[in-house]
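> Before we start, here is the structure in question, set down as structure tokens.
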Amino acid sequence: MPQPADVARLERVSHHYGKVTALYDLTLAVPAGQMVGLIGPDGVGKSTLMGLIAGAKRLQRGQVITLDGDMADAGHRAATGGRIAYMPQGLGRNLYHDLSLRENLEFFGKLFGLDRTERAARIERLTRATGLYPFLDRLAGKLSGGMKQKLGLCSALIHDPDFLLLDEPTTGVDPLSRRQFWDLIDAIRADRPQMSVLVSTAYMEEAARFDHLVAMNAGSVLAEASPRALMSETDTESVGEAFVALLQSSVPAAKPAATDYALSAASFDASAESAIRARALTRRFGDFTAVDAVSFDIARGEIFGFLGSNGCGKTTTMKILTGLLPASEGEAWIFGKPVDAQDLQSRRRVGFMSQAFSLYGELSVRENLSLHARLFHLRRAQTEQRLAELVPHFGLELYLDQRADTLPLGLRQRLSLAVAVIHQPEILILDEPTSGVDPQARDDFWRLLLDLSRKDGVTIFISTHFMDEALRCDRISLMHAGRVLVTDTPAAIIRSRDTGTLEDAFVAYISAEIPPEPTMSEGLASAHADTSVAPDASGFSLRRLLAFTTREAMQVRRDPVRLAFAFLGSALLLLIMSFGISQEVRNIPFAVLDQDVSPESRAYLSTFEDSPWFQERPPLLDIDQLERRLASGELALALQIPPGFGVELRRGGVAEVAAMIDGADTGRAGTIESYVLSAHSHVLGESVGAVPALDMLAQSPVAGPATSVVLEPRFRYNSTMASLPAVGPSIPPLLLLLIPAILMAVSVAREKEIGTITNFYVTPTGRAEFLIGKQLVYIGITLLNFAILTVLVVLVLGVPLRGDPLLLVLASLFYAVAATGFGLLVSMMTATQVTAVFATTILSVMPTLQFSGMMEPVSSLQGPARLMGTFWPTTWYMTVSVGSFTKGLGLADLSGALIRLAAFGPIFTGLAILALRRQER
Amino acid sequence: MRRLANIFWLFGKELKSVLGDPVMVILIIWSFVVAVILEASGAGDTVRNAAIAVVDEDQSSLSRQISSALVPPWFQQPVAMYPEQAGAAMDRGQIMFILSFPPDFEADVIAGNTPSAQLQVDATAVSQAQLGTDYVSNIVQSETRMFLSGSPDAPTPPLRLELRRAFNPNGNPVWFKAVSSLLNQLSLLTIALTGAAMLREREHGTIEHLMVMPLTPVEVALSKVLATMAVVLLAFVGSLLLVVQGVLQIPVAGSVPLLVTGATVYLWAAAAIGMFLGTVARSMAQFALLVIMVIIPIIMLSGGMGAVESQPELVRRLTQVLPSRHFLAFAKAVAFRGAGIELVWLELVLMAALGAGFFTASLALFRRSMSLGS
């Protein structure tokens, strides 16, 4: 054999998600050099199969051989990563929406080791061929669905792969773009015939153009053959029919008895009042007009279709009608009443299904359904009845207790739809309800819609990209660039353009609006095929690492608010905390219960009254009041002088004073205690006025405590005992840990959540390249923040940096690595941004604020807290920061702390790298 | 009635969301069990295990007597050092105090010349420095007095001060720390949970779904606030009974129902702050930063780490808007001083009012963000 016959082989592969079986004992060979199509209903395991072949998903059972190597072998995956291109399901799911087209393509080019000139050449060639060239500087998120898919294709083709895997690439894409997309694929294959392509699709008419078809059902292969062979085998006219026939022969089908309604039997009364009426609706976002003077009338019971390319304003129009968005101009009425976002009653008459899946992923199918039933105030019996009707109708029986976010796309769409109709609304507004739903299910769904419309008189306003669906509408509107081009019955529209099919009419209408794209299909593949990149696929690549760094940095720059929060927020916090945290206890509220009222008691108390530490409150009248006012927290200290105090003193006996301190706050109580003691010795030690008895005390040999020895305290580093120089340098260590850690954790969790982490799974990127590449950006941000905070500490707080600035910078670098490394580590344990935020704050706030020596030295902590403080980077950075600022220490004194500090970053980051999964589960 | 039903069903949904995620549940348990125990039991006295060096150039029986009186738990065993050696050790942060006796210290004391002993203090930690100085000073004075009077019992001074601590007679620092730690966990969890629930709903587009149903923003927001309150309150009560009263053996002087009531009012305020942050933030990263910006002042300026009265006037006014400050005042009064409702009603009213303020503000923002579209 000159060339291997199969590009991929699967032997007895099984795959489960929890209790759900996605693939069962599947054996399949994908022939090389061909365009192979994967067809089948939703949830039969098409996406799982593709993920396994591409190496994005971890193999559970069986064997997968792709490009002559075992995909369970990490070495082989790394080596073939550069030869495979995988485009996951979902519009632009692996693209970075906050980056421009060029930036996206540059990034993918770098991942595959292309140098600058090569990248530039390929990007130009690919974008010119796909017609994206004029939009190179537009953000990917602002592209229409069709353009996103083209960009996805360009990203996939940038390294001349030998094997291209496309998972439902045209789902949710309008007919014109879809046509262009397939033309592109044909052109690429003409250019590079040796390339193998595996495509899954929900459009049966597209499947007809593939070389080889694999029909799947329930996790196994139903049949495989060329489209022609399939049709002749089943004796059918189209691939779609062939598939349905196959399905029925395999499963004793429960196809509902055909109760087809004649399309002409539309029973709505066009003369009656419109169910939905729009007049010159306009909606602008900034200077972009999304909807431009759109008018239409939809009669009661009518099925009204909305067609148009992606991003033409269909969704916006629907949102205006549901009250989600206010119109900039124009007006809309529902059943004769103007659309009013506040009118709850009219909301009950409308069911809405939005384009993106918007149910609760964490709830099960049943819980989602019953929650919505309850929110529409269906009675329990009613809910039961609706569930009994809807669940079989939408084929959800098997999935009732499954979490919604584990369902495949098509099933989720069905669930959304079931939810939209659960309260039997009079109007249904459905935004691309059948995107990604298989033909059989779509057919069933339309039966339901017809049923609702014809039997119950429900008005249906639906947008779609499927022409067979459009044909089933009573009337359709064709939209382009915010304007309605034509509104009529499908038949009339076909006649008006004299085309045989609605799709051709659609293309004709739209093409008239836009200048034909200068698509030059040739040159999609590399000009000289022999330079096919065999880049440094395995092993560490600095270029790839930096590609992640550059990309992350660009994304951060695109969100200036986040950066502003980080920098301004920490500056503000530094100031508030430095001035606000005072370690001195001042203004202690106290009151006296003077039961003696003698010159001696007055003199004694005057010492307290004159002290700046104490603040006198109205005197106490009795013990009861003393207790009550202490309990209320009004007083922190109560002094009681019993009767006979003066007499006793004058007699030379032993007089007593009682001081009662509020002991609730232990630290404060300790300080108050020492203040009281020193005020007391002050009385004893010094003459306090013309009160002979007290003066005598001062001269008494036993009492005069200060007379025999003097203790001279010298407060070093902070001679005035001011709080600011002590607190100021200890705030940056808190901020420089918490902020980078959380930003880092969210950044990784975000990639997991929105799916761009697939680019890490299916490209030759190493774990360290991915994580350290991203980490570098946040280390940079941390150092910048450090610079800002240091300037503030020196200039605004006026705390001079006495030590070696270079040393502090070095320590900050180590600290930044440690903080971001901790963020990475936490993100390894969390799947969503919410849990990442939650886990990072909960795990890091306590040791950072409490156990790092900020308020009390680590040495005075007890038990595990002390251990935690010792093994937390903030403790050591705090030592360096405070030591550098206030003590003016250098390397000799701080080397111990510095070495310990340096160890945290590599350990955290290393653990995160080890914990990072190389494949999706 | 309708509205209550709506809130009830949405509330159930929120509960399922929080409790359905095992990572969240583990983190909540961590906060209210492990973190509280760690923080409370980690509390030491302000001056504890302080490292002290003695530079003794006198080597007399008095100087040795004073040195041996510096004892645990306040001080570590004093280390004898040369002057330069001691200075360097203090620079490195290894010791906090240096007590130096000059030559002929004892002789001068006996001769009545009032000699000076020098105490060098690392003043970068202000409160430790201050308190430690007082301790050392008291020890030096009383030991000298004893030395002079020649009796091991300190002579009775003619004026006696009887110092007593109310509400925590032994000055056990674990008590206060446990309460302030509970406050920290309450604040952190409630704010993060409520805000994240709001933001997740916006990021996943499910909020649109709610807004096309016969629901008002008030119902949506209130159900989230209530769900978080329920989860955290349950954790709080569990922690109070099992951890604070059980494991840590801290007596609660006042009424536990009153304490729980106050915690509920505080949760309302904290959840409203979380809701506010959740509507202000446009992305999870922004929200995370806002949480950090809010939680640091809450933990550090509410009175748990340094008394509120010591704050400068301006900051003291600013911290009035922190419900946590009022809650800590409330909790201290009820838990330790046994205060009844008549003494703490003001704090309850303030917390409830602040909560209402934040909630109203977030509703206004919520409405605005809905009308602007995403």
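In the structure tokens, chains take letters A, B, ... by order of appearance, with residues numbered from 1 within each chain and ligands from 1 in the order shown.
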Quick one: everything within 9 Å of region 104-110 of chain A, counting only C-alpha atoms, minus sequence neighbours fewer than 3 positions away in the same chain. Send it as a PyMOL selection string.
chain A and resi 95-97+99-101+113-116+118-120+122-123+140+151+154-156+158-159+543-544+546-548+550-551+759+763
> Any idea what's packed within 8 Å of Leu363 (chain A), counting only C-alpha atoms, ignoring anything in its chain fewer than 4 positions away? Could you give it as a PyMOL selection string?
(chain A and resi 367-368+403-404) or (chain B and resi 13+16-17)
> Pick out the chain A residues within 6 Å of chain B. Count only C-alpha atoms. Give them as a ChimeraX atom specification.
/A:325,344,347-348,358-359,375,562,580,582-583,585-586,631-632,654-667,703,708-716,718,726,837,860-863,865,893
> Do a neighbour search on region 207-209 of chain A at 12 Å with only C-alpha atoms, toss out local chain neighbours closer than 3 positions, and write the hits as a VMD selection string.
chain A and resid 34 to 40 168 170 179 182 to 183 185 to 186 198 to 204 212 to 215 225 to 231 237 to 243
> If DSSP is run on the backbone, what residues of region 65-245 of chain B are helix (DSSP H, G or I)? A reply as an MDAnalysis selection string would be ideal.
chainID B and resid 65:68 83:91 105:110 126:149 173:203 206:211 217:245
> Grab the residues selected above and save them as a compact mmCIF listing (two decimals), in the first residue's frame with C-alpha atoms.

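What landed in selection.txt:
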# COMPACT_ATOMS: atom_id res chain seq x y z
CA GLN B 65 16.81 38.29 88.61
CA ILE B 66 15.14 40.61 86.16
CA SER B 67 16.11 38.46 83.17
CA SER B 68 14.72 35.34 84.75
CA PRO B 83 25.34 44.61 71.69
CA GLU B 84 26.20 44.44 67.95
CA GLN B 85 24.95 40.90 67.74
CA ALA B 86 21.64 41.91 69.25
CA GLY B 87 21.27 44.88 66.93
CA ALA B 88 21.80 42.67 63.88
CA ALA B 89 19.34 40.08 65.16
CA MET B 90 16.72 42.78 65.54
CA ASP B 91 17.39 43.99 62.02
CA PHE B 105 23.61 48.68 87.46
CA GLU B 106 23.03 46.84 90.69
CA ALA B 107 25.48 48.95 92.66
CA ASP B 108 23.81 52.13 91.44
CA VAL B 109 20.40 50.84 92.42
CA ILE B 110 21.59 50.06 95.90
CA VAL B 126 3.16 49.27 66.96
CA SER B 127 0.75 47.60 69.35
CA GLN B 128 3.11 44.76 70.21
CA ALA B 129 5.88 47.28 70.80
CA GLN B 130 3.78 49.40 73.09
CA LEU B 131 2.32 46.63 75.15
CA GLY B 132 5.60 44.73 75.39
CA THR B 133 7.34 47.83 76.64
CA ASP B 134 4.76 48.17 79.38
CA TYR B 135 5.21 44.55 80.36
CA VAL B 136 9.00 44.81 80.52
CA SER B 137 8.75 48.05 82.43
CA ASN B 138 6.43 46.52 85.02
CA ILE B 139 8.71 43.53 85.42
CA VAL B 140 11.82 45.67 85.87
CA GLN B 141 10.11 47.86 88.42
CA SER B 142 8.58 45.12 90.50
CA GLU B 143 11.72 42.95 90.47
CA THR B 144 13.78 45.92 91.60
CA ARG B 145 11.32 46.64 94.33
CA MET B 146 11.49 43.06 95.47
CA PHE B 147 15.27 43.14 95.31
CA LEU B 148 15.39 46.25 97.45
CA SER B 149 12.87 45.10 100.03
CA PRO B 173 -8.14 35.83 73.03
CA VAL B 174 -9.82 32.89 71.27
CA TRP B 175 -13.28 34.20 72.20
CA PHE B 176 -13.13 37.45 70.35
CA LYS B 177 -11.22 35.98 67.45
CA ALA B 178 -13.88 33.32 66.93
CA VAL B 179 -16.61 35.94 66.64
CA SER B 180 -14.66 38.18 64.31
CA SER B 181 -13.71 35.16 62.23
CA LEU B 182 -17.36 34.16 61.94
CA LEU B 183 -18.11 37.66 60.73
CA ASN B 184 -15.37 37.42 58.11
CA GLN B 185 -16.69 34.13 56.78
CA LEU B 186 -20.27 35.43 56.75
CA SER B 187 -19.25 38.48 54.77
CA LEU B 188 -17.01 36.70 52.31
CA LEU B 189 -19.42 33.89 51.50
CA THR B 190 -22.56 35.96 51.30
CA ILE B 191 -21.11 38.66 49.09
CA ALA B 192 -19.38 36.22 46.76
CA LEU B 193 -22.35 33.85 46.49
CA THR B 194 -25.03 36.44 45.81
CA GLY B 195 -22.99 38.45 43.35
CA ALA B 196 -21.80 35.40 41.48
CA ALA B 197 -25.34 34.05 41.19
CA MET B 198 -26.40 37.33 39.61
CA LEU B 199 -23.44 37.53 37.29
CA ARG B 200 -23.69 33.91 36.20
CA GLU B 201 -27.29 34.51 35.24
CA ARG B 202 -26.23 37.45 33.11
CA GLU B 203 -23.25 35.73 31.53
CA THR B 206 -30.66 33.08 31.48
CA ILE B 207 -31.62 36.47 32.84
CA GLU B 208 -33.26 37.27 29.48
CA HIS B 209 -35.25 34.18 29.87
CA LEU B 210 -36.51 35.35 33.24
CA MET B 211 -37.30 38.79 31.96
CA PRO B 217 -36.56 42.34 38.76
CA VAL B 218 -37.46 42.57 42.45
CA GLU B 219 -38.58 38.97 42.49
CA VAL B 220 -35.48 37.77 40.66
CA ALA B 221 -33.10 39.72 42.90
CA LEU B 222 -34.93 38.92 46.11
CA SER B 223 -34.96 35.20 45.42
CA LYS B 224 -31.19 35.21 45.03
CA VAL B 225 -30.67 37.24 48.17
CA LEU B 226 -32.96 34.96 50.16
CA ALA B 227 -31.38 31.78 48.84
CA THR B 228 -27.90 32.91 49.80
CA MET B 229 -29.17 34.05 53.16
CA ALA B 230 -30.72 30.66 53.80
CA VAL B 231 -27.59 28.71 52.89
CA VAL B 232 -25.21 30.93 54.82
CA LEU B 233 -27.51 31.25 57.81
CA LEU B 234 -27.72 27.49 58.07
CA ALA B 235 -23.94 27.28 57.95
CA PHE B 236 -23.70 30.08 60.51
CA VAL B 237 -26.03 28.45 63.00
CA GLY B 238 -24.25 25.14 62.55
CA SER B 239 -20.93 26.80 63.09
CA LEU B 240 -22.16 28.72 66.13
CA LEU B 241 -23.53 25.65 67.84
CA LEU B 242 -21.03 23.01 66.81
CA VAL B 243 -17.82 24.94 66.32
CA VAL B 244 -17.98 28.02 68.52
CA GLN B 245 -19.89 26.53 71.43
> List every residue of region 87-300 of chain B that DSSP, applied to the backbone of this structure, assigns to strand (DSSP E or B), and report them as an MDAnalysis selection string.
chainID B and resid 97:101 116:122 159:166
> Would you output that residue set with C-alpha atoms, as a CSV table (one decimal), in the first residue's frame?

chain,number,residue,atom,x,y,z
B,97,PHE,CA,13.2,43.5,72.3
B,98,ILE,CA,16.7,44.1,73.6
B,99,LEU,CA,17.1,44.8,77.3
B,100,SER,CA,20.5,46.3,78.2
B,101,PHE,CA,21.9,46.6,81.7
B,116,SER,CA,18.9,53.5,83.5
B,117,ALA,CA,18.3,50.2,81.8
B,118,GLN,CA,17.8,50.5,78.1
B,119,LEU,CA,15.0,48.7,76.2
B,120,GLN,CA,15.3,48.7,72.4
B,121,VAL,CA,12.0,47.9,70.7
B,122,ASP,CA,11.3,46.9,67.1
B,159,LEU,CA,-2.8,52.5,96.9
B,160,ARG,CA,-4.1,49.3,95.4
B,161,LEU,CA,-5.5,49.0,91.9
B,162,GLU,CA,-7.9,46.2,91.4
B,163,LEU,CA,-8.1,45.5,87.7
B,164,ARG,CA,-10.8,43.3,86.4
B,165,ARG,CA,-11.9,42.4,82.9
B,166,ALA,CA,-15.6,42.1,82.4
> As an exercise, work out the distance from CA of Gly150 (chain B) to CA of Leu62 (chain B) in Å and give it to one decimal place.
11.2 Å
> Could you pull the residues within 8 Å of Ser812 (chain A), counting only C-alpha atoms, minus those fewer than 4 positions along the same chain, as number ranges by chain?
A: 783, 786, 808, 816, 877
> Between CA of Ala553 (chain A) and CA of Ala836 (chain A), what is the distance, to one decimal in Å?
20.4 Å
> Here is a test: counting only C-alpha atoms, which residue of B:Ala352, B:Leu259, B:Val55, B:Val247 is nearest to Pro102 (chain B)?
B:Val55
> Ser827 (chain A): which residues within 9 Å, counting only C-alpha atoms, same-chain residues fewer than 4 positions away excluded, as a PyMOL selection string?
chain A and resi 744-749+822-823+831-833+835-836+839-840+912
> Could you write out the selected residues, including N, CA and C atoms, as a CSV table (one decimal), in the first residue's frame?

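Wrote result_9.csv, looks like this:
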chain,number,residue,atom,x,y,z
A,744,MET,N,-5.6,35.5,37.8
A,744,MET,CA,-5.1,34.4,37.1
A,744,MET,C,-6.1,33.2,37.1
A,745,ALA,N,-6.7,33.0,38.3
A,745,ALA,CA,-7.6,31.8,38.4
A,745,ALA,C,-8.8,32.0,37.4
A,746,VAL,N,-9.3,33.3,37.4
A,746,VAL,CA,-10.5,33.5,36.5
A,746,VAL,C,-10.1,33.3,35.0
A,747,SER,N,-8.9,33.8,34.7
A,747,SER,CA,-8.4,33.7,33.3
A,747,SER,C,-8.4,32.3,32.8
A,748,VAL,N,-7.9,31.4,33.6
A,748,VAL,CA,-7.8,30.0,33.2
A,748,VAL,C,-9.2,29.3,33.2
A,749,ALA,N,-10.0,29.6,34.2
A,749,ALA,CA,-11.3,29.1,34.3
A,749,ALA,C,-12.2,29.6,33.2
A,822,PHE,N,-0.3,30.5,42.6
A,822,PHE,CA,-1.4,30.0,43.5
A,822,PHE,C,-2.7,30.1,42.7
A,823,GLY,N,-2.9,31.2,41.9
A,823,GLY,CA,-4.1,31.3,41.1
A,823,GLY,C,-4.2,30.1,40.1
A,831,ALA,N,-13.9,24.3,37.6
A,831,ALA,CA,-14.3,24.2,36.2
A,831,ALA,C,-14.9,25.5,35.7
A,832,THR,N,-15.5,26.3,36.6
A,832,THR,CA,-16.2,27.5,36.1
A,832,THR,C,-15.6,28.7,36.8
A,833,GLN,N,-15.9,29.9,36.2
A,833,GLN,CA,-15.3,31.1,36.7
A,833,GLN,C,-15.9,31.4,38.1
A,835,THR,N,-16.8,29.3,40.5
A,835,THR,CA,-16.1,28.5,41.5
A,835,THR,C,-14.6,29.0,41.7
A,836,ALA,N,-14.0,29.4,40.6
A,836,ALA,CA,-12.7,29.9,40.6
A,836,ALA,C,-12.6,31.2,41.5
A,839,ALA,N,-13.3,30.0,45.2
A,839,ALA,CA,-12.3,29.2,45.8
A,839,ALA,C,-11.1,30.1,46.1
A,840,THR,N,-10.7,30.9,45.2
A,840,THR,CA,-9.5,31.7,45.4
A,840,THR,C,-9.7,32.7,46.6
A,912,ALA,N,0.5,23.0,39.5
A,912,ALA,CA,-0.6,23.4,38.6
A,912,ALA,C,-0.3,22.7,37.2
> Can you pull out the residues contacting Leu593 (chain A)? Cut-off 10 Å, using only C-alpha atoms, and skip same-chain residues under 4 positions away; I want them as a list in words.
Val597, Pro618, Pro619, Leu620, Leu621, Asp622, Ile623, Gln625, Leu626, Ala638, Leu639, Gln640, Ile641, Pro642 and Ala658 of chain A
> Would you output that residue set with C-alpha atoms, as a short mmCIF file (atom, residue, chain, number, x, y, z; two decimals), in the first residue's frame?

data_model
loop_
_atom_site.label_atom_id
_atom_site.label_comp_id
_atom_site.auth_asym_id
_atom_site.auth_seq_id
_atom_site.Cartn_x
_atom_site.Cartn_y
_atom_site.Cartn_z
CA VAL A 597 -15.86 62.55 96.31
CA PRO A 618 -20.88 61.33 81.97
CA PRO A 619 -20.14 59.95 85.44
CA LEU A 620 -21.78 56.81 86.78
CA LEU A 621 -24.36 56.95 89.51
CA ASP A 622 -24.36 53.39 90.80
CA ILE A 623 -23.04 49.88 90.19
CA GLN A 625 -25.46 51.73 85.74
CA LEU A 626 -21.82 50.75 85.58
CA ALA A 638 -15.19 52.08 84.31
CA LEU A 639 -13.28 53.33 87.36
CA GLN A 640 -14.76 52.90 90.76
CA ILE A 641 -13.50 54.68 93.85
CA PRO A 642 -15.11 53.26 96.99
CA ALA A 658 -11.25 49.29 91.03
#
